[in-house]
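Participant: The structure file protein-v8.txt (compact mmCIF, C-alpha atoms and all ligand atoms) is provided below.
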```txt
# COMPACT_ATOMS: atom_id res chain seq x y z
CA MET A 256 -91.58 23.42 -103.13
CA ILE A 257 -89.79 26.13 -105.14
CA PRO A 258 -89.81 29.12 -102.79
CA PHE A 259 -90.46 32.64 -104.06
CA PHE A 260 -87.35 33.67 -102.18
CA ASP A 261 -84.82 31.89 -99.94
CA LEU A 262 -82.26 34.07 -98.14
CA LYS A 263 -80.62 31.12 -96.40
CA ARG A 264 -79.13 29.86 -99.67
CA GLN A 265 -77.10 33.03 -100.14
CA TYR A 266 -75.96 33.08 -96.54
CA LYS A 267 -74.60 29.55 -96.92
CA LEU A 268 -72.68 30.52 -100.07
CA ILE A 269 -70.73 33.30 -98.37
CA GLN A 270 -71.06 32.21 -94.76
CA ASP A 271 -67.33 32.18 -93.98
CA GLU A 272 -66.79 35.78 -95.05
CA LEU A 273 -69.94 36.99 -93.30
CA ASP A 274 -69.13 35.21 -90.06
CA THR A 275 -65.58 36.57 -90.08
CA ALA A 276 -66.90 40.09 -90.70
CA SER A 277 -69.36 39.91 -87.81
CA ARG A 278 -66.75 38.46 -85.45
CA GLU A 279 -64.40 41.33 -86.28
CA VAL A 280 -67.07 43.91 -85.53
CA ASN A 281 -68.11 42.20 -82.32
CA THR A 282 -64.56 41.95 -81.01
CA GLY A 283 -63.65 45.44 -82.28
CA GLY A 284 -65.96 47.17 -79.81
CA ILE A 285 -67.32 49.90 -82.14
CA TYR A 286 -70.89 49.22 -83.17
CA ILE A 287 -72.13 52.49 -84.68
CA SER A 288 -70.42 54.81 -87.21
CA GLY A 289 -67.03 53.12 -87.28
CA TYR A 290 -64.65 51.74 -89.87
CA GLU A 291 -67.14 49.48 -91.68
CA VAL A 292 -69.72 52.23 -92.15
CA HIS A 293 -67.15 54.66 -93.52
CA ARG A 294 -65.73 52.00 -95.80
CA PHE A 295 -69.16 51.11 -97.15
CA GLU A 296 -70.06 54.77 -97.76
CA ARG A 297 -66.87 55.23 -99.80
CA SER A 298 -67.21 51.96 -101.72
CA PHE A 299 -70.88 52.38 -102.56
CA ALA A 300 -70.40 55.99 -103.77
CA GLU A 301 -67.48 54.78 -105.89
CA TYR A 302 -69.54 51.89 -107.28
CA LEU A 303 -72.26 54.33 -108.39
CA LYS A 304 -69.78 57.01 -109.49
CA ALA A 305 -71.45 59.47 -107.14
CA LYS A 306 -69.71 61.92 -104.83
CA HIS A 307 -71.39 61.26 -101.49
CA CYS A 308 -73.07 58.33 -99.77
CA ILE A 309 -74.58 58.79 -96.32
CA THR A 310 -75.87 55.66 -94.64
CA CYS A 311 -78.97 55.60 -92.43
CA GLY A 312 -81.39 53.23 -90.72
CA ASN A 313 -83.51 52.14 -93.68
CA GLY A 314 -84.79 53.24 -97.09
CA THR A 315 -87.94 54.90 -95.78
CA ASP A 316 -85.92 57.08 -93.39
CA ALA A 317 -83.63 57.95 -96.31
CA ILE A 318 -86.56 59.44 -98.26
CA GLU A 319 -87.80 61.35 -95.25
CA ILE A 320 -84.33 62.74 -94.46
CA VAL A 321 -83.77 64.03 -98.02
CA LEU A 322 -87.18 65.71 -98.09
CA LYS A 323 -86.41 67.36 -94.73
CA ALA A 324 -82.98 68.46 -95.89
CA TRP A 325 -84.61 70.08 -98.93
CA GLY A 326 -86.89 71.98 -96.56
CA ILE A 327 -90.02 70.25 -97.83
CA GLY A 328 -92.88 70.24 -95.33
CA SER A 329 -96.29 71.63 -94.53
CA GLY A 330 -98.02 73.25 -97.52
CA ASP A 331 -95.73 71.57 -100.07
CA GLU A 332 -96.63 68.89 -102.59
CA VAL A 333 -94.46 66.03 -103.83
CA ILE A 334 -95.19 63.94 -106.92
CA VAL A 335 -95.27 60.20 -106.21
CA PRO A 336 -96.12 57.34 -108.61
CA ALA A 337 -99.58 55.84 -107.98
CA PHE A 338 -98.01 52.38 -108.14
CA THR A 339 -95.00 51.79 -105.90
CA TRP A 340 -94.04 50.56 -102.46
CA VAL A 341 -95.82 52.57 -99.75
CA SER A 342 -92.65 54.24 -98.36
CA ASP A 343 -92.61 56.94 -101.03
CA ALA A 344 -96.01 58.32 -100.05
CA GLU A 345 -95.49 57.64 -96.34
CA ALA A 346 -92.28 59.67 -96.13
CA VAL A 347 -93.95 62.65 -97.83
CA LEU A 348 -96.74 62.58 -95.25
CA THR A 349 -94.25 62.16 -92.40
CA VAL A 350 -92.51 65.46 -93.22
CA GLY A 351 -95.93 67.16 -93.31
CA ALA A 352 -96.19 67.55 -97.09
CA THR A 353 -98.85 66.10 -99.40
CA PRO A 354 -98.18 63.23 -101.82
CA VAL A 355 -99.72 63.90 -105.24
CA PHE A 356 -100.10 60.73 -107.26
CA VAL A 357 -99.37 60.41 -110.97
CA ASP A 358 -100.29 57.34 -113.01
CA ILE A 359 -97.51 55.10 -114.31
CA GLU A 360 -96.56 54.08 -117.86
CA ASP A 361 -97.19 50.50 -118.88
CA GLU A 362 -93.73 49.37 -119.97
CA TYR A 363 -91.39 50.00 -117.05
CA TYR A 364 -93.85 50.89 -114.28
CA GLY A 365 -92.42 54.37 -113.65
CA ILE A 366 -94.21 57.73 -113.53
CA ASP A 367 -95.71 58.56 -116.93
CA PRO A 368 -93.91 61.81 -117.90
CA HIS A 369 -96.90 62.83 -120.06
CA LYS A 370 -99.19 62.89 -117.05
CA LEU A 371 -97.05 65.19 -114.90
CA LYS A 372 -98.16 68.55 -116.18
CA GLU A 373 -101.74 68.39 -114.92
CA LYS A 374 -100.49 67.59 -111.38
CA VAL A 375 -97.97 70.39 -110.99
CA ASN A 376 -98.74 73.76 -109.41
CA GLU A 377 -96.93 76.41 -107.35
CA LYS A 378 -96.92 74.13 -104.28
CA THR A 379 -95.09 71.30 -106.06
CA LYS A 380 -91.50 70.98 -104.84
CA ALA A 381 -90.19 67.59 -105.94
CA ILE A 382 -90.74 64.37 -107.87
CA ILE A 383 -89.96 60.95 -106.42
CA ALA A 384 -88.78 58.93 -109.42
CA VAL A 385 -89.03 55.24 -108.53
CA HIS A 386 -87.03 52.67 -110.50
CA LEU A 387 -89.40 49.78 -109.88
CA PHE A 388 -88.53 46.06 -110.17
CA GLY A 389 -84.91 46.75 -111.21
CA HIS A 390 -85.48 48.78 -114.39
CA ALA A 391 -84.83 52.51 -114.70
CA CYS A 392 -87.92 54.69 -114.99
CA LYS A 393 -88.07 57.37 -117.72
CA ILE A 394 -85.62 59.43 -115.75
CA LYS A 395 -84.37 61.63 -118.59
CA GLU A 396 -87.88 62.87 -119.36
CA LEU A 397 -88.56 63.39 -115.66
CA MET A 398 -85.32 65.36 -115.22
CA ASP A 399 -86.11 67.55 -118.26
CA PHE A 400 -89.59 68.24 -116.91
CA ALA A 401 -88.22 68.99 -113.44
CA LYS A 402 -85.67 71.43 -114.81
CA LYS A 403 -88.35 73.28 -116.73
CA HIS A 404 -90.61 73.55 -113.68
CA ASP A 405 -87.87 74.13 -111.11
CA LEU A 406 -88.50 70.88 -109.20
CA LEU A 407 -86.09 68.58 -107.40
CA VAL A 408 -85.87 64.90 -108.33
CA LEU A 409 -85.30 62.18 -105.76
CA GLU A 410 -84.55 58.79 -107.30
CA ASP A 411 -85.89 55.86 -105.31
CA ALA A 412 -83.40 53.15 -106.29
CA ALA A 413 -84.35 50.75 -103.49
CA GLN A 414 -85.04 48.01 -106.05
CA SER A 415 -82.30 48.86 -108.54
CA HIS A 416 -78.78 48.48 -107.14
CA GLY A 417 -76.58 48.21 -110.21
CA ALA A 418 -79.28 48.96 -112.81
CA MET A 419 -78.21 51.30 -115.59
CA ALA A 420 -79.81 54.02 -117.69
CA GLY A 421 -77.46 54.65 -120.60
CA ASP A 422 -73.90 54.64 -119.31
CA LYS A 423 -74.85 55.67 -115.78
CA LYS A 424 -75.98 53.68 -112.79
CA VAL A 425 -79.37 54.61 -111.41
CA GLY A 426 -78.89 56.53 -108.20
CA SER A 427 -76.47 58.92 -109.91
CA LEU A 428 -78.98 60.67 -112.16
CA GLY A 429 -81.28 62.78 -109.97
CA ASN A 430 -80.58 65.57 -107.46
CA ALA A 431 -80.33 62.80 -104.88
CA ALA A 432 -81.15 59.11 -104.60
CA ILE A 433 -82.09 56.69 -101.87
CA PHE A 434 -81.31 53.01 -101.48
CA SER A 435 -82.66 50.37 -99.15
CA PHE A 436 -80.64 47.35 -98.05
CA TYR A 437 -83.62 45.44 -96.69
CA PRO A 438 -82.63 41.74 -96.76
CA THR A 439 -84.50 40.83 -99.96
CA LYS A 440 -83.19 43.74 -102.06
CA ASN A 441 -80.55 43.11 -104.74
CA LEU A 442 -77.97 44.30 -102.21
CA GLY A 443 -79.42 43.23 -98.88
CA ALA A 444 -78.18 43.43 -95.30
CA TYR A 445 -79.14 41.10 -92.42
CA GLY A 446 -81.56 43.60 -90.94
CA ASP A 447 -82.71 47.12 -91.83
CA ALA A 448 -80.33 49.56 -93.50
CA GLY A 449 -80.47 52.40 -96.03
CA ALA A 450 -78.49 55.16 -97.71
CA ILE A 451 -78.71 58.52 -99.43
CA VAL A 452 -76.53 59.24 -102.45
CA THR A 453 -75.88 62.64 -104.01
CA ASP A 454 -73.31 64.79 -105.82
CA ASP A 455 -74.57 67.85 -103.94
CA GLU A 456 -72.11 68.61 -101.15
CA MET A 457 -74.45 70.97 -99.24
CA LEU A 458 -77.22 68.39 -99.29
CA ALA A 459 -74.81 65.66 -98.18
CA SER A 460 -73.74 67.60 -95.08
CA LYS A 461 -77.31 68.52 -94.19
CA VAL A 462 -78.45 64.92 -94.58
CA ARG A 463 -75.59 63.73 -92.38
CA LEU A 464 -76.58 66.23 -89.71
CA ILE A 465 -80.26 65.32 -89.77
CA ALA A 466 -79.56 61.58 -89.56
CA ASN A 467 -77.35 62.02 -86.49
CA HIS A 468 -79.08 64.40 -84.02
CA GLY A 469 -77.91 67.54 -85.80
CA GLN A 470 -74.38 66.97 -84.48
CA PRO A 471 -71.42 67.99 -86.67
CA GLU A 472 -69.37 66.75 -83.71
CA ARG A 473 -70.29 65.09 -80.48
CA ASP A 474 -72.49 67.14 -78.10
CA HIS A 475 -72.62 70.09 -80.47
CA HIS A 476 -76.14 70.34 -81.92
CA VAL A 477 -76.84 72.78 -84.75
CA LEU A 478 -80.32 71.61 -85.69
CA ALA A 479 -83.02 69.29 -84.39
CA GLY A 480 -82.39 66.10 -86.32
CA ARG A 481 -83.14 62.50 -85.52
CA ASN A 482 -81.42 59.18 -85.05
CA SER A 483 -81.22 57.08 -88.19
CA ARG A 484 -77.89 55.30 -88.59
CA MET A 485 -76.53 52.12 -90.13
CA ASP A 486 -75.00 49.62 -87.67
CA GLU A 487 -71.37 48.55 -88.06
CA LEU A 488 -72.59 44.96 -88.35
CA GLN A 489 -74.88 45.74 -91.28
CA ALA A 490 -72.14 47.78 -92.96
CA ALA A 491 -69.69 44.90 -92.49
CA PHE A 492 -72.13 42.49 -94.15
CA LEU A 493 -72.73 44.95 -96.98
CA ASN A 494 -68.99 45.40 -97.52
CA VAL A 495 -68.78 41.64 -98.07
CA LYS A 496 -71.82 41.52 -100.33
CA LEU A 497 -71.03 44.58 -102.47
CA LYS A 498 -68.21 42.53 -104.05
CA PHE A 499 -70.79 39.98 -105.22
CA LEU A 500 -73.48 42.41 -106.38
CA GLU A 501 -72.58 42.26 -110.09
CA ASP A 502 -72.45 38.48 -109.93
CA PHE A 503 -75.79 38.24 -108.11
CA ASN A 504 -77.37 40.62 -110.65
CA ASN A 505 -75.95 38.55 -113.52
CA ARG A 506 -77.55 35.45 -112.06
CA ARG A 507 -80.90 37.22 -111.81
CA ARG A 508 -80.50 38.30 -115.43
CA ALA A 509 -79.66 34.74 -116.53
CA HIS A 510 -82.91 33.44 -114.98
CA ALA A 511 -84.83 36.30 -116.60
CA ASP A 512 -83.27 35.63 -120.03
CA PHE A 513 -84.22 31.98 -119.70
CA TYR A 514 -87.82 32.92 -118.84
CA ASN A 515 -87.95 35.46 -121.68
CA GLU A 516 -86.79 32.88 -124.22
CA ASN A 517 -88.88 29.97 -123.03
CA LEU A 518 -92.18 31.23 -121.66
CA LYS A 519 -95.11 31.24 -124.06
CA ASP A 520 -96.33 34.56 -125.41
CA GLN A 521 -99.80 34.30 -123.87
CA LEU A 522 -98.38 36.09 -120.90
CA ILE A 523 -96.79 39.53 -121.08
CA LYS A 524 -93.10 39.45 -120.20
CA PRO A 525 -91.06 42.29 -118.72
CA LYS A 526 -89.39 44.63 -121.21
CA THR A 527 -85.95 46.20 -121.18
CA SER A 528 -85.50 49.54 -122.93
CA ASP A 529 -82.67 49.91 -125.47
CA HIS A 530 -80.19 51.69 -123.28
CA ALA A 531 -81.07 50.18 -119.92
CA ARG A 532 -79.62 47.36 -117.88
CA HIS A 533 -82.32 45.52 -115.98
CA VAL A 534 -81.32 43.96 -112.64
CA TYR A 535 -84.59 42.07 -112.12
CA HIS A 536 -85.31 42.82 -108.50
CA GLN A 537 -88.55 41.21 -109.58
CA TYR A 538 -89.40 39.28 -112.74
CA VAL A 539 -92.95 40.49 -113.28
CA ILE A 540 -95.33 38.95 -115.81
CA ARG A 541 -98.83 40.20 -116.68
CA VAL A 542 -101.82 37.89 -117.13
CA GLU A 543 -105.60 38.20 -117.13
CA GLU A 544 -107.12 36.17 -114.29
CA ARG A 545 -103.87 36.45 -112.40
CA ASP A 546 -105.28 34.97 -109.19
CA LEU A 547 -106.16 31.70 -110.96
CA LEU A 548 -102.62 31.35 -112.26
CA LYS A 549 -101.16 32.17 -108.85
CA GLN A 550 -103.32 29.47 -107.28
CA TYR A 551 -102.37 26.95 -109.97
CA LEU A 552 -98.67 27.56 -109.38
CA GLU A 553 -99.16 27.29 -105.63
CA GLU A 554 -100.91 23.94 -106.06
CA ASN A 555 -97.91 22.87 -108.10
CA SER A 556 -95.44 23.95 -105.41
CA ILE A 557 -94.20 27.18 -106.99
CA GLY A 558 -94.12 30.29 -104.83
CA THR A 559 -95.04 33.63 -106.42
CA ALA A 560 -95.84 37.12 -105.09
CA ILE A 561 -97.81 40.22 -106.04
CA HIS A 562 -95.98 43.55 -106.07
CA TYR A 563 -98.36 45.29 -105.44
CA PRO A 564 -102.02 44.32 -105.10
CA ALA A 565 -103.35 47.91 -105.04
CA PRO A 566 -102.40 51.37 -106.30
CA LEU A 567 -101.55 53.66 -103.36
CA PRO A 568 -104.64 55.89 -103.83
CA ALA A 569 -106.74 52.74 -103.23
CA THR A 570 -105.20 52.15 -99.78
CA ILE A 571 -106.62 53.50 -96.53
CA PRO A 572 -103.97 56.15 -95.66
CA PHE A 573 -103.90 57.64 -99.19
CA TYR A 574 -107.45 56.95 -100.30
CA GLU A 575 -108.95 58.88 -103.23
CA GLU A 576 -112.45 58.52 -104.65
CA LYS A 577 -112.56 57.06 -108.20
CA TRP A 578 -108.97 55.85 -107.97
CA ALA A 579 -109.50 53.22 -110.66
CA GLU A 580 -110.64 55.85 -113.18
CA LYS A 581 -107.95 58.31 -112.22
CA TYR A 582 -105.08 55.79 -112.34
CA PRO A 583 -106.10 53.22 -114.97
CA VAL A 584 -102.59 51.96 -115.77
CA ALA A 585 -101.69 51.48 -112.10
CA THR A 586 -105.04 49.79 -111.51
CA ASN A 587 -104.60 47.39 -114.41
CA ALA A 588 -101.06 46.60 -113.27
CA SER A 589 -102.20 45.80 -109.74
CA GLU A 590 -104.80 43.40 -111.15
CA THR A 591 -102.59 41.54 -113.64
CA ILE A 592 -99.02 41.44 -112.31
CA LEU A 593 -97.37 38.35 -110.90
CA SER A 594 -93.75 38.08 -109.70
CA LEU A 595 -91.96 34.79 -110.41
CA PRO A 596 -88.97 33.54 -108.38
CA VAL A 597 -85.80 35.19 -109.76
CA PHE A 598 -83.47 35.28 -106.75
CA PRO A 599 -79.80 34.65 -107.64
CA GLU A 600 -79.58 31.25 -105.92
CA LEU A 601 -82.58 29.77 -107.73
CA SER A 602 -81.25 26.71 -109.56
CA HIS A 603 -81.54 26.27 -113.31
CA GLN A 604 -83.52 23.09 -112.68
CA GLU A 605 -86.02 25.10 -110.64
CA ALA A 606 -86.29 27.75 -113.36
CA GLU A 607 -86.94 24.96 -115.89
CA ASN A 608 -89.68 23.49 -113.69
CA ILE A 609 -91.31 26.90 -113.42
CA VAL A 610 -91.27 27.35 -117.20
CA ASN A 611 -92.69 23.86 -117.72
CA GLU A 612 -95.56 24.41 -115.28
CA LEU A 613 -96.40 27.80 -116.78
CA ASN A 614 -96.34 26.51 -120.35
CA LYS A 615 -98.49 23.54 -119.34
CA TYR A 616 -101.02 25.96 -117.84
CA PHE A 617 -101.25 27.94 -121.07
C1 LIG B 1 -87.91 48.58 -99.99
C2 LIG B 1 -88.34 49.86 -100.60
C3 LIG B 1 -88.30 51.08 -99.89
C4 LIG B 1 -88.07 51.20 -98.43
O1 LIG B 1 -87.01 50.61 -97.89
P1 LIG B 1 -86.99 50.12 -96.36
O2 LIG B 1 -85.53 49.92 -96.15
O3 LIG B 1 -87.77 48.86 -96.28
O4 LIG B 1 -87.54 51.21 -95.51
C5 LIG B 1 -88.63 52.23 -100.57
N1 LIG B 1 -88.99 52.21 -101.86
C6 LIG B 1 -89.06 51.07 -102.58
C7 LIG B 1 -89.46 51.14 -104.00
C8 LIG B 1 -88.75 49.86 -101.96
O5 LIG B 1 -88.85 48.73 -102.67
```
Is it possible to give me this structure as structure tokens?
Facilitator:
Amino acid sequence: MIPFFDLKRQYKLIQDELDTASREVNTGGIYISGYEVHRFERSFAEYLKAKHCITCGNGTDAIEIVLKAWGIGSGDEVIVPAFTWVSDAEAVLTVGATPVFVDIEDEYYGIDPHKLKEKVNEKTKAIIAVHLFGHACKIKELMDFAKKHDLLVLEDAAQSHGAMAGDKKVGSLGNAAIFSFYPTKNLGAYGDAGAIVTDDEMLASKVRLIANHGQPERDHHVLAGRNSRMDELQAAFLNVKLKFLEDFNNRRRAHADFYNENLKDQLIKPKTSDHARHVYHQYVIRVEERDLLKQYLEENSIGTAIHYPAPLPATIPFYEEKWAEKYPVATNASETILSLPVFPELSHQEAENIVNELNKYF
């Protein structure tokens, strides 16, 4: 069986460093907001060439905390792509605001900038710009639009650690960005973890307050915040893994290049725009009768996945009548996408077997 993903392979590769890191934290006696967390915040901000990184419990919290820090809540609207992971819409609801969905564009699965105008009104406060699958969305167009309409832009870079748009890393382009370090992400912890990144000093301090009970110092509370923090253990693991991120991303890209060169053209392959660097969080192909292909691959011992099987306005918490007509590109994507294994530790032999099976099928 070729698994869709296997986290154990990576652990084995860097086991010594990870085990040493966890032993040091465990014997050090500080488990929250200590040396490892501060070191990771500095290193990750430096990696992205951003001014501030504030760690928190997970990527979904990160979105919620930024929206709160911006004062977004009841009566406000936030633009969210119709096709993304559920967190983006969830976090908007959690702060009491309303997610307003916009259809995506077909090439890179980001918000279609041409479809923004009809969804914006005086209640609109922000756009959540998701860089899906490891490729930058059309962030320049979104930023231009936001400037013109006085909106804030939050980049969701949870799937795009190390991806580039022009000469900048994603996560350094909007008013703020969020990252998730969920274990399967390009930079993954060994549990839940997340971060907020921004150049805005005021926002950074507010975010830090909200994520830690509104305390600028212990037992001094200046606002009602919440508890969303990264553990020392997770930060220690991430400090080890950040050193390997470029290498892991290169391995993903090598698998993707091999697929791009060798898969037949009956299936639609992922595109990379001229000035972007794709980090292939997912390698997503498009085919008619996707479910048949998925089943065929399964019968031939190849694991695949569907990210995602439905546009958000087709799901129970965000349901809208006539969602298929209103979001045709998102709907078509959800019906035709299939993610192939592209994790860094996939062997070349496995990638060859996958190509052979797929080409046999076509
Ligand atoms: C994983 C993910 C998140 C949420 O991150 P968690 O750490 O799982 O809460 C948000 N947005 C996107 C696009 C993601 O892929």
Participant: If you count all atoms listed in the file, which residues end up within 8 Å of ligand LIG 1 (chain B), as a list in words?
Facilitator: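 Checked against 8 Å with all atoms listed in the file; the hits are Gly312, Asn313, Gly314, Thr315, Asp316, Ala317, Ile318, Thr339, Trp340, Val341, Ser342, Asp343, Val385, His386, Leu387, Phe388, Asp411, Ala412, Ala413, Gln414, Phe434, Ser435, Phe436, Tyr437, Lys440, Asp447, Ala448 and Gly449 of chain A.
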Participant: Anything within 12 Å of (-69.6, 57.1, -82.2): list those residues as a list in words, counting only C-alpha atoms and sticking to the file's coordinates.
Facilitator: Gly284, Ile285, Tyr286, Ile287, Ser288, Gly289, Tyr290, Val292, His293, Asn467, Gln470, Pro471, Glu472, Arg473, Asp474, Arg484, Met485, Asp486 and Glu487 of chain A
Participant: Counting only C-alpha atoms, what is within 12 Å of Asp529 of chain A, bar same-chain residues fewer than 5 positions away, as a list in words?
Facilitator: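 These residues fall inside the cut-off: His390, Ala391, Met419, Ala420, Gly421 and Asp422 of chain A.
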Participant: Mind checking which residues fall within 8 Å of segment 271-276 of chain A, counting all atoms listed in the file, ignoring those fewer than 2 positions away in the same chain, and posting them as a list in words?
Facilitator: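 Once the adjacent positions are removed, what remains is Tyr266, Ile269, Arg278, Glu279, Val280, Leu488, Ala491, Phe492 and Val495 of chain A.
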Participant: Those residues you just picked out, can you put them in a file as a PDB file, in the frame of the given file with C-alpha atoms?
Facilitator:
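Full text of again30.pdb as output:
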```pdb
ATOM      1  CA  TYR A 266     -75.960  33.080 -96.540  1.00  0.00           C
ATOM      2  CA  ILE A 269     -70.730  33.300 -98.370  1.00  0.00           C
ATOM      3  CA  ARG A 278     -66.750  38.460 -85.450  1.00  0.00           C
ATOM      4  CA  GLU A 279     -64.400  41.330 -86.280  1.00  0.00           C
ATOM      5  CA  VAL A 280     -67.070  43.910 -85.530  1.00  0.00           C
ATOM      6  CA  LEU A 488     -72.590  44.960 -88.350  1.00  0.00           C
ATOM      7  CA  ALA A 491     -69.690  44.900 -92.490  1.00  0.00           C
ATOM      8  CA  PHE A 492     -72.130  42.490 -94.150  1.00  0.00           C
ATOM      9  CA  VAL A 495     -68.780  41.640 -98.070  1.00  0.00           C
TER      10      VAL A 495
END
```
Participant: What does the structure give for the distance between atom CA of Glu544 of chain A and atom CA of Glu590 of chain A, in Å to one decimal?
Facilitator: 8.2 Å
Participant: Could you check how far atom CA of Ile523 of chain A sits from atom CA of Gly426 of chain A, in Å to one decimal?
Facilitator: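 Interatomic distance, atom CA of Ile523 of chain A to atom CA of Gly426 of chain A: 27.8 Å.
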Participant: Suppose you want the space between atom CA of Glu396 of chain A and atom CA of Asp361 of chain A; what is it in Å?
Facilitator: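 Atom-to-atom, atom CA of Glu396 of chain A to atom CA of Asp361 of chain A, that is 15.5 Å.
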Participant: Given only C-alpha atoms as the basis, pick out the residue of A:Ile451, A:Ala606, A:Leu262, A:Cys392 nearest to Ala509 of chain A.
Facilitator: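 Of A:Ile451, A:Ala606, A:Leu262, A:Cys392, the one nearest Ala509 of chain A, counting only C-alpha atoms, is A:Ala606.
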Participant: Within 8 Å of Leu567 of chain A, counting only C-alpha atoms, which residues qualify if same-chain residues fewer than 6 places away don't, as an mmCIF file with C-alpha atoms, keeping the file's coordinate frame?
Facilitator:
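The new file result11.cif reads:
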```cif
data_model
loop_
_atom_site.group_PDB
_atom_site.id
_atom_site.type_symbol
_atom_site.label_atom_id
_atom_site.label_comp_id
_atom_site.auth_asym_id
_atom_site.auth_seq_id
_atom_site.Cartn_x
_atom_site.Cartn_y
_atom_site.Cartn_z
ATOM 1 C CA ALA A 337 -99.580 55.840 -107.980
ATOM 2 C CA PHE A 338 -98.010 52.380 -108.140
ATOM 3 C CA THR A 339 -95.000 51.790 -105.900
ATOM 4 C CA VAL A 341 -95.820 52.570 -99.750
ATOM 5 C CA ALA A 344 -96.010 58.320 -100.050
ATOM 6 C CA PHE A 573 -103.900 57.640 -99.190
ATOM 7 C CA TYR A 574 -107.450 56.950 -100.300
#
```
Participant: Measuring atom to atom with all atoms listed in the file, identify which of A:His475, A:Val534, A:Gly480, A:Pro525 is nearest to Asn504 of chain A.
Facilitator: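 Ranking A:His475, A:Val534, A:Gly480, A:Pro525 by distance to Asn504 of chain A, first place goes to A:Val534.
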Participant: Find the residues around Ser298 of chain A up to 12 Å (all atoms listed in the file counted), leave out those fewer than 4 positions away in its own chain, and share them as a list in words.
Facilitator: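 Near neighbours after the sequence-gap exclusion: Glu291, Val292, His293, Arg294, Tyr302, Leu303, Lys304, Ala305, Lys306, His307, Cys308, Ile309, Thr310, Val452, Ala490, Ala491, Leu493, Asn494, Val495, Lys496, Leu497 and Lys498 of chain A.
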Participant: Using all atoms listed in the file, list the residues that have an atom at most 12 Å from (-96.9, 73.3, -110.1), coordinates as in the file, as a list in words.
Facilitator: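 Nearby residues: Asp331, Glu332, Val333, Ile334, Val355, Leu371, Lys372, Glu373, Lys374, Val375, Asn376, Glu377, Lys378, Thr379, Lys380, Ala381, Ile382, Phe400, Ala401, Lys403, His404, Asp405 and Leu406 of chain A.
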Participant: Choose the residue, out of A:Ala531, A:Leu322, A:Leu409, A:Leu478, that has the smallest atom-to-atom separation from Val350 of chain A; count all atoms listed in the file.
Facilitator: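 Of A:Ala531, A:Leu322, A:Leu409, A:Leu478, the one nearest Val350 of chain A, counting all atoms listed in the file, is A:Leu322.
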Participant: I need the residue nearest Trp325 of chain A from this list: A:Asp261, A:Asn515, A:Glu580, A:Leu407. Use all atoms listed in the file for the distance.
Facilitator: A:Leu407
Participant: From the set A:Asn614, A:Pro258, A:Gly365, A:Arg481, which residue has the shortest atom-to-atom contact distance to Ala588 of chain A, counting all atoms listed in the file?
Facilitator: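 Selected residue with least distance to Ala588 of chain A: A:Gly365.
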Participant: Skipping near chain neighbours, those fewer than 5 positions away, what residues fall within 12 Å of Gln265 of chain A using all atoms listed in the file, listed as a PyMOL selection string?
Facilitator: chain A and resi 260+270-273+438-439+441-445+496+499-500+503+598-601
Participant: Have a look at A:Ala560, A:Leu428, A:Ile257, A:Leu458 and name the one nearest to Ser602 of chain A; count only C-alpha atoms.
Facilitator: A:Ile257
